[in-house]
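Asker: Starting off with a structure, shown below.
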2 protein chains.
Amino acid sequence: MNFCSNCGSDKIARAIPDGDIRERWVCPDCGMIHYQNPNVVVGCVPERDGQILLCKRAIEPRKGYWTVPAGFMELQESMAEGAARETQEEALADVEIHRLFAAVDVPHAGQVHVFFTASLISDFAPGPESLECKMVDPADIPWDEIAFPSGTFALRKWVEDAGRDRGVHLHKAERRIY
Amino acid sequence: MNFCSNCGSDKIARAIPDGDIRERWVCPDCGMIHYQNPNVVVGCVPERDGQILLCKRAIEPRKGYWTVPAGFMELQESMAEGAARETQEEALADVEIHRLFAAVDVPHAGQVHVFFTASLISDFAPGPESLECKMVDPADIPWDEIAFPSGTFALRKWVEDAGRDRGVHLHKAERRIY
């Protein structure tokens, strides 16, 4: 952040506002505090006939690796709507979203990743962000080629749950060097 | 947003970037896209001996109304850490965080509210954002004086769960006119 987005001042700097205990971006000219907070990534594990839908990423980071459909939650949508939208974008597929079953804190990235169970209810094909989409048996999940640790965690818990509702699995992801 | 926080340009405007389908704040001078996404609010229901800790808000919005400890998740913390921090700030109290049991989409505010069960493990007293803190029996929750619909939902589900793990309760809050 080089300029205040409110008044255009170039004097914006890190400072602890009155009544706060954390450094924020604060503009000394207009007084605006520019808060920065974690983002939410929403995804789902689309299932049909015991198989799950995976997408091979066409974009960085982790291009060429496999993931469940997931991406940044947008304003004016719910988490479940976001997970369904991401599935439509990445796999051109419709899903029925069921339960929130995994939530992964990724503090080093300033993110929270939330995963739902889901039923695949349409055909599928790779969207612009995917090289390939395929249905896999749980036994054939390519564990060494999953794009992100949060996805690995969600898939592992999905397999362990085996269709049972065992509440929401919480996990805190550590930084991983690829 | 009146100025680009990257280059200071006053030509920043809403536009749909290449490859996107949504309007964003885009700077025509430096090309930066300024994404805006939902914020996460984290809270908990601190319990001890069957009673729960409520705080009366000392600040707007909804000053004078009751809430469970909750507030904006910060960068570099987990959701559970954020819920514990908010309890420390609002009620000067320590909690042990247990399960994520409620998640409320608040799309009109661009927020997701996440609530944990928790055990109160210290004394408590109102912090700077609270007028008063007190333990209440579930039967004595002041339902008509709860600050926000998400808190009402979380408290209702907490009472219904009665200590059982019934998974995570999802809810989409509608705009409420006070």
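Chain labels follow the order of the structure tokens: the first chain is A, the next B, and so on; residue numbering restarts at 1 in every chain, and ligands are counted from 1 in their shown order.
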Using only C-alpha atoms, what table do you get, as JSON lines, when you list each residue of chain B with an atom no more than 7 Å from chain A, its nearest pair of atoms, and their distance in Å rounded to one decimal, rows by chain then rising number?
Answerer:
{"residue": "B:Met1", "atom": "CA", "partner": "A:Ser5", "partner_atom": "CA", "distance": 5.4}
{"residue": "B:Asn2", "atom": "CA", "partner": "A:Asn6", "partner_atom": "CA", "distance": 5.3}
{"residue": "B:Phe3", "atom": "CA", "partner": "A:Ser5", "partner_atom": "CA", "distance": 4.4}
{"residue": "B:Cys4", "atom": "CA", "partner": "A:Ser5", "partner_atom": "CA", "distance": 5.6}
{"residue": "B:Ser5", "atom": "CA", "partner": "A:Phe3", "partner_atom": "CA", "distance": 4.4}
{"residue": "B:Asn6", "atom": "CA", "partner": "A:Asn2", "partner_atom": "CA", "distance": 5.3}
{"residue": "B:Cys7", "atom": "CA", "partner": "A:Phe3", "partner_atom": "CA", "distance": 6.9}
{"residue": "B:Gly8", "atom": "CA", "partner": "A:Phe3", "partner_atom": "CA", "distance": 5.4}
{"residue": "B:Asn37", "atom": "CA", "partner": "A:Glu74", "partner_atom": "CA", "distance": 5.4}
{"residue": "B:Pro38", "atom": "CA", "partner": "A:Leu75", "partner_atom": "CA", "distance": 5.5}
{"residue": "B:Asn39", "atom": "CA", "partner": "A:Asn37", "partner_atom": "CA", "distance": 6.6}
{"residue": "B:Met73", "atom": "CA", "partner": "A:Asn37", "partner_atom": "CA", "distance": 6.6}
{"residue": "B:Glu74", "atom": "CA", "partner": "A:Asn37", "partner_atom": "CA", "distance": 5.4}
{"residue": "B:Leu75", "atom": "CA", "partner": "A:Gly110", "partner_atom": "CA", "distance": 5.4}
{"residue": "B:Gln76", "atom": "CA", "partner": "A:Pro107", "partner_atom": "CA", "distance": 4.6}
{"residue": "B:Glu77", "atom": "CA", "partner": "A:Pro107", "partner_atom": "CA", "distance": 5.6}
{"residue": "B:Ser78", "atom": "CA", "partner": "A:Asp105", "partner_atom": "CA", "distance": 5.4}
{"residue": "B:Met79", "atom": "CA", "partner": "A:Asp105", "partner_atom": "CA", "distance": 6.8}
{"residue": "B:Leu100", "atom": "CA", "partner": "A:Val168", "partner_atom": "CA", "distance": 6.7}
{"residue": "B:Asp105", "atom": "CA", "partner": "A:Ser78", "partner_atom": "CA", "distance": 5.4}
{"residue": "B:Pro107", "atom": "CA", "partner": "A:Gln76", "partner_atom": "CA", "distance": 4.6}
{"residue": "B:His108", "atom": "CA", "partner": "A:Gln76", "partner_atom": "CA", "distance": 6.3}
{"residue": "B:Gly110", "atom": "CA", "partner": "A:Leu75", "partner_atom": "CA", "distance": 5.4}
{"residue": "B:Asp165", "atom": "CA", "partner": "A:Gly167", "partner_atom": "CA", "distance": 7.0}
{"residue": "B:Arg166", "atom": "CA", "partner": "A:Gly167", "partner_atom": "CA", "distance": 6.7}
{"residue": "B:Gly167", "atom": "CA", "partner": "A:Gly167", "partner_atom": "CA", "distance": 3.9}
{"residue": "B:Val168", "atom": "CA", "partner": "A:Gly167", "partner_atom": "CA", "distance": 6.2}
Asker: Name all residues at most 7 Å from stretch 135-140 of chain A (count only C-alpha atoms; drop same-chain ones fewer than 3 positions away) and give them as a PDB file with C-alpha atoms, in the first residue's frame.
Answerer:
ATOM      1  CA  GLY A  50     -18.897 -43.190  -4.673  1.00  0.00           C
ATOM      2  CA  GLN A  51     -16.431 -41.364  -6.895  1.00  0.00           C
ATOM      3  CA  ILE A  52     -15.239 -37.779  -6.510  1.00  0.00           C
ATOM      4  CA  LEU A  53     -14.541 -35.048  -9.010  1.00  0.00           C
ATOM      5  CA  LEU A  54     -10.990 -33.685  -9.183  1.00  0.00           C
ATOM      6  CA  VAL A 159     -12.496 -40.510   2.939  1.00  0.00           C
TER       7      VAL A 159
END
Asker: Which parts of stretch 89-156 of chain B does DSSP call strand (DSSP E or B) when run on the backbone here, written out as a PDB file with C-alpha atoms, in the first residue's frame?
Answerer:
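Saved to selection33.pdb:
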ATOM      1  CA  VAL B  95     -11.431 -19.757  27.254  1.00  0.00           C
ATOM      2  CA  GLU B  96     -10.588 -23.167  25.956  1.00  0.00           C
ATOM      3  CA  ILE B  97     -12.022 -23.414  22.443  1.00  0.00           C
ATOM      4  CA  HIS B  98     -13.697 -26.672  21.433  1.00  0.00           C
ATOM      5  CA  ARG B  99     -15.771 -27.251  18.277  1.00  0.00           C
ATOM      6  CA  LEU B 100     -16.926 -25.069  15.418  1.00  0.00           C
ATOM      7  CA  PHE B 101     -20.701 -25.493  15.755  1.00  0.00           C
ATOM      8  CA  ALA B 102     -22.301 -22.635  13.797  1.00  0.00           C
ATOM      9  CA  ALA B 103     -21.466 -20.702  10.636  1.00  0.00           C
ATOM     10  CA  VAL B 104     -23.650 -17.849   9.459  1.00  0.00           C
ATOM     11  CA  ASP B 105     -23.406 -16.193   6.060  1.00  0.00           C
ATOM     12  CA  VAL B 106     -24.190 -12.490   6.228  1.00  0.00           C
ATOM     13  CA  GLN B 111     -19.282 -11.265   6.295  1.00  0.00           C
ATOM     14  CA  VAL B 112     -19.154 -14.849   7.519  1.00  0.00           C
ATOM     15  CA  HIS B 113     -19.719 -15.390  11.255  1.00  0.00           C
ATOM     16  CA  VAL B 114     -18.205 -18.513  12.780  1.00  0.00           C
ATOM     17  CA  PHE B 115     -18.941 -19.692  16.329  1.00  0.00           C
ATOM     18  CA  PHE B 116     -17.190 -22.203  18.575  1.00  0.00           C
ATOM     19  CA  THR B 117     -18.177 -23.952  21.756  1.00  0.00           C
ATOM     20  CA  ALA B 118     -15.814 -23.035  24.585  1.00  0.00           C
ATOM     21  CA  SER B 119     -15.137 -23.473  28.276  1.00  0.00           C
ATOM     22  CA  LEU B 120     -14.649 -20.397  30.439  1.00  0.00           C
ATOM     23  CA  SER B 130     -18.265  -3.999  26.942  1.00  0.00           C
ATOM     24  CA  LEU B 131     -20.503  -2.222  29.470  1.00  0.00           C
ATOM     25  CA  GLU B 132     -21.116  -5.359  31.465  1.00  0.00           C
ATOM     26  CA  CYS B 133     -20.433  -9.109  31.381  1.00  0.00           C
ATOM     27  CA  LYS B 134     -22.500 -11.758  33.106  1.00  0.00           C
ATOM     28  CA  MET B 135     -23.171 -15.489  33.315  1.00  0.00           C
ATOM     29  CA  VAL B 136     -26.705 -16.506  32.413  1.00  0.00           C
ATOM     30  CA  ILE B 146     -29.336  -9.914  21.515  1.00  0.00           C
TER      31      ILE B 146
END
Asker: What separation in Å, quoted to one decimal, exists between atom CA of A:Arg85 and atom CA of A:Gly127?
Answerer: 11.8 Å
Asker: Measure the distance from atom CA of B:Pro142 to atom CA of B:Trp158 in Å and round it to one decimal.
Answerer: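 Rounded to one decimal, the two atoms are 14.5 Å apart.
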Asker: Running DSSP on the backbone, which parts of stretch 11-174 of chain B land in alpha helix (DSSP H), as a PyMOL selection string?
Answerer: chain B and resi 79-91+149-161
Asker: Now that the selection is made, can you save its residues with N, CA and C atoms as a tab-separated table (two decimals), in the first residue's frame?
Answerer:
chain	number	residue	atom	x	y	z
B	79	MET	N	-8.95	-19.28	13.30
B	79	MET	CA	-10.30	-18.90	13.73
B	79	MET	C	-10.45	-19.10	15.23
B	80	ALA	N	-9.96	-20.22	15.74
B	80	ALA	CA	-10.09	-20.51	17.17
B	80	ALA	C	-9.28	-19.50	17.99
B	81	GLU	N	-8.09	-19.18	17.52
B	81	GLU	CA	-7.29	-18.17	18.23
B	81	GLU	C	-8.00	-16.82	18.24
B	82	GLY	N	-8.64	-16.49	17.14
B	82	GLY	CA	-9.38	-15.22	17.07
B	82	GLY	C	-10.54	-15.20	18.04
B	83	ALA	N	-11.26	-16.31	18.13
B	83	ALA	CA	-12.40	-16.37	19.05
B	83	ALA	C	-11.93	-16.22	20.50
B	84	ALA	N	-10.80	-16.84	20.82
B	84	ALA	CA	-10.26	-16.71	22.19
B	84	ALA	C	-9.78	-15.28	22.44
B	85	ARG	N	-9.13	-14.68	21.45
B	85	ARG	CA	-8.65	-13.30	21.59
B	85	ARG	C	-9.82	-12.35	21.83
B	86	GLU	N	-10.90	-12.51	21.06
B	86	GLU	CA	-12.05	-11.63	21.23
B	86	GLU	C	-12.65	-11.76	22.63
B	87	THR	N	-12.62	-12.98	23.17
B	87	THR	CA	-13.15	-13.18	24.52
B	87	THR	C	-12.27	-12.47	25.54
B	88	GLN	N	-10.97	-12.51	25.31
B	88	GLN	CA	-10.05	-11.78	26.18
B	88	GLN	C	-10.29	-10.28	26.08
B	89	GLU	N	-10.51	-9.78	24.87
B	89	GLU	CA	-10.69	-8.34	24.70
B	89	GLU	C	-12.02	-7.85	25.27
B	90	GLU	N	-13.08	-8.61	25.04
B	90	GLU	CA	-14.42	-8.12	25.40
B	90	GLU	C	-14.82	-8.47	26.83
B	91	ALA	N	-14.23	-9.55	27.36
B	91	ALA	CA	-14.64	-10.00	28.71
B	91	ALA	C	-13.44	-10.27	29.61
B	149	PRO	N	-28.49	-10.93	14.62
B	149	PRO	CA	-29.18	-12.19	14.30
B	149	PRO	C	-28.26	-13.40	14.30
B	150	SER	N	-27.00	-13.23	13.91
B	150	SER	CA	-26.10	-14.38	13.90
B	150	SER	C	-25.87	-14.88	15.32
B	151	GLY	N	-25.80	-13.96	16.27
B	151	GLY	CA	-25.63	-14.36	17.67
B	151	GLY	C	-26.87	-15.07	18.20
B	152	THR	N	-28.03	-14.59	17.79
B	152	THR	CA	-29.27	-15.26	18.18
B	152	THR	C	-29.29	-16.68	17.65
B	153	PHE	N	-28.90	-16.83	16.37
B	153	PHE	CA	-28.87	-18.17	15.77
B	153	PHE	C	-27.90	-19.08	16.53
B	154	ALA	N	-26.70	-18.57	16.79
B	154	ALA	CA	-25.69	-19.39	17.46
B	154	ALA	C	-26.17	-19.79	18.86
B	155	LEU	N	-26.73	-18.85	19.59
B	155	LEU	CA	-27.21	-19.17	20.94
B	155	LEU	C	-28.35	-20.18	20.89
B	156	ARG	N	-29.25	-20.03	19.93
B	156	ARG	CA	-30.37	-20.96	19.84
B	156	ARG	C	-29.86	-22.37	19.56
B	157	LYS	N	-28.91	-22.47	18.61
B	157	LYS	CA	-28.38	-23.80	18.29
B	157	LYS	C	-27.58	-24.37	19.45
B	158	TRP	N	-26.87	-23.51	20.16
B	158	TRP	CA	-26.12	-23.98	21.33
B	158	TRP	C	-27.07	-24.58	22.35
B	159	VAL	N	-28.18	-23.90	22.60
B	159	VAL	CA	-29.17	-24.40	23.56
B	159	VAL	C	-29.77	-25.71	23.05
B	160	GLU	N	-30.11	-25.76	21.76
B	160	GLU	CA	-30.71	-26.98	21.20
B	160	GLU	C	-29.73	-28.16	21.25
B	161	ASP	N	-28.46	-27.88	20.97
B	161	ASP	CA	-27.46	-28.96	20.98
B	161	ASP	C	-27.33	-29.56	22.38
Asker: What is the distance between atom CA of B:Arg62 and atom CA of A:Arg24, in Å to one decimal?
Answerer: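 Atom-to-atom, atom CA of B:Arg62 and atom CA of A:Arg24 are spaced 24.8 Å apart.
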Asker: Extract, using only C-alpha atoms, all DNA, RNA and protein residues at most 8 Å from B:Ile33, discarding same-chain residues fewer than 3 positions from it, and format them as an MDAnalysis selection string.
Answerer: chainID B and resid 17 24:27
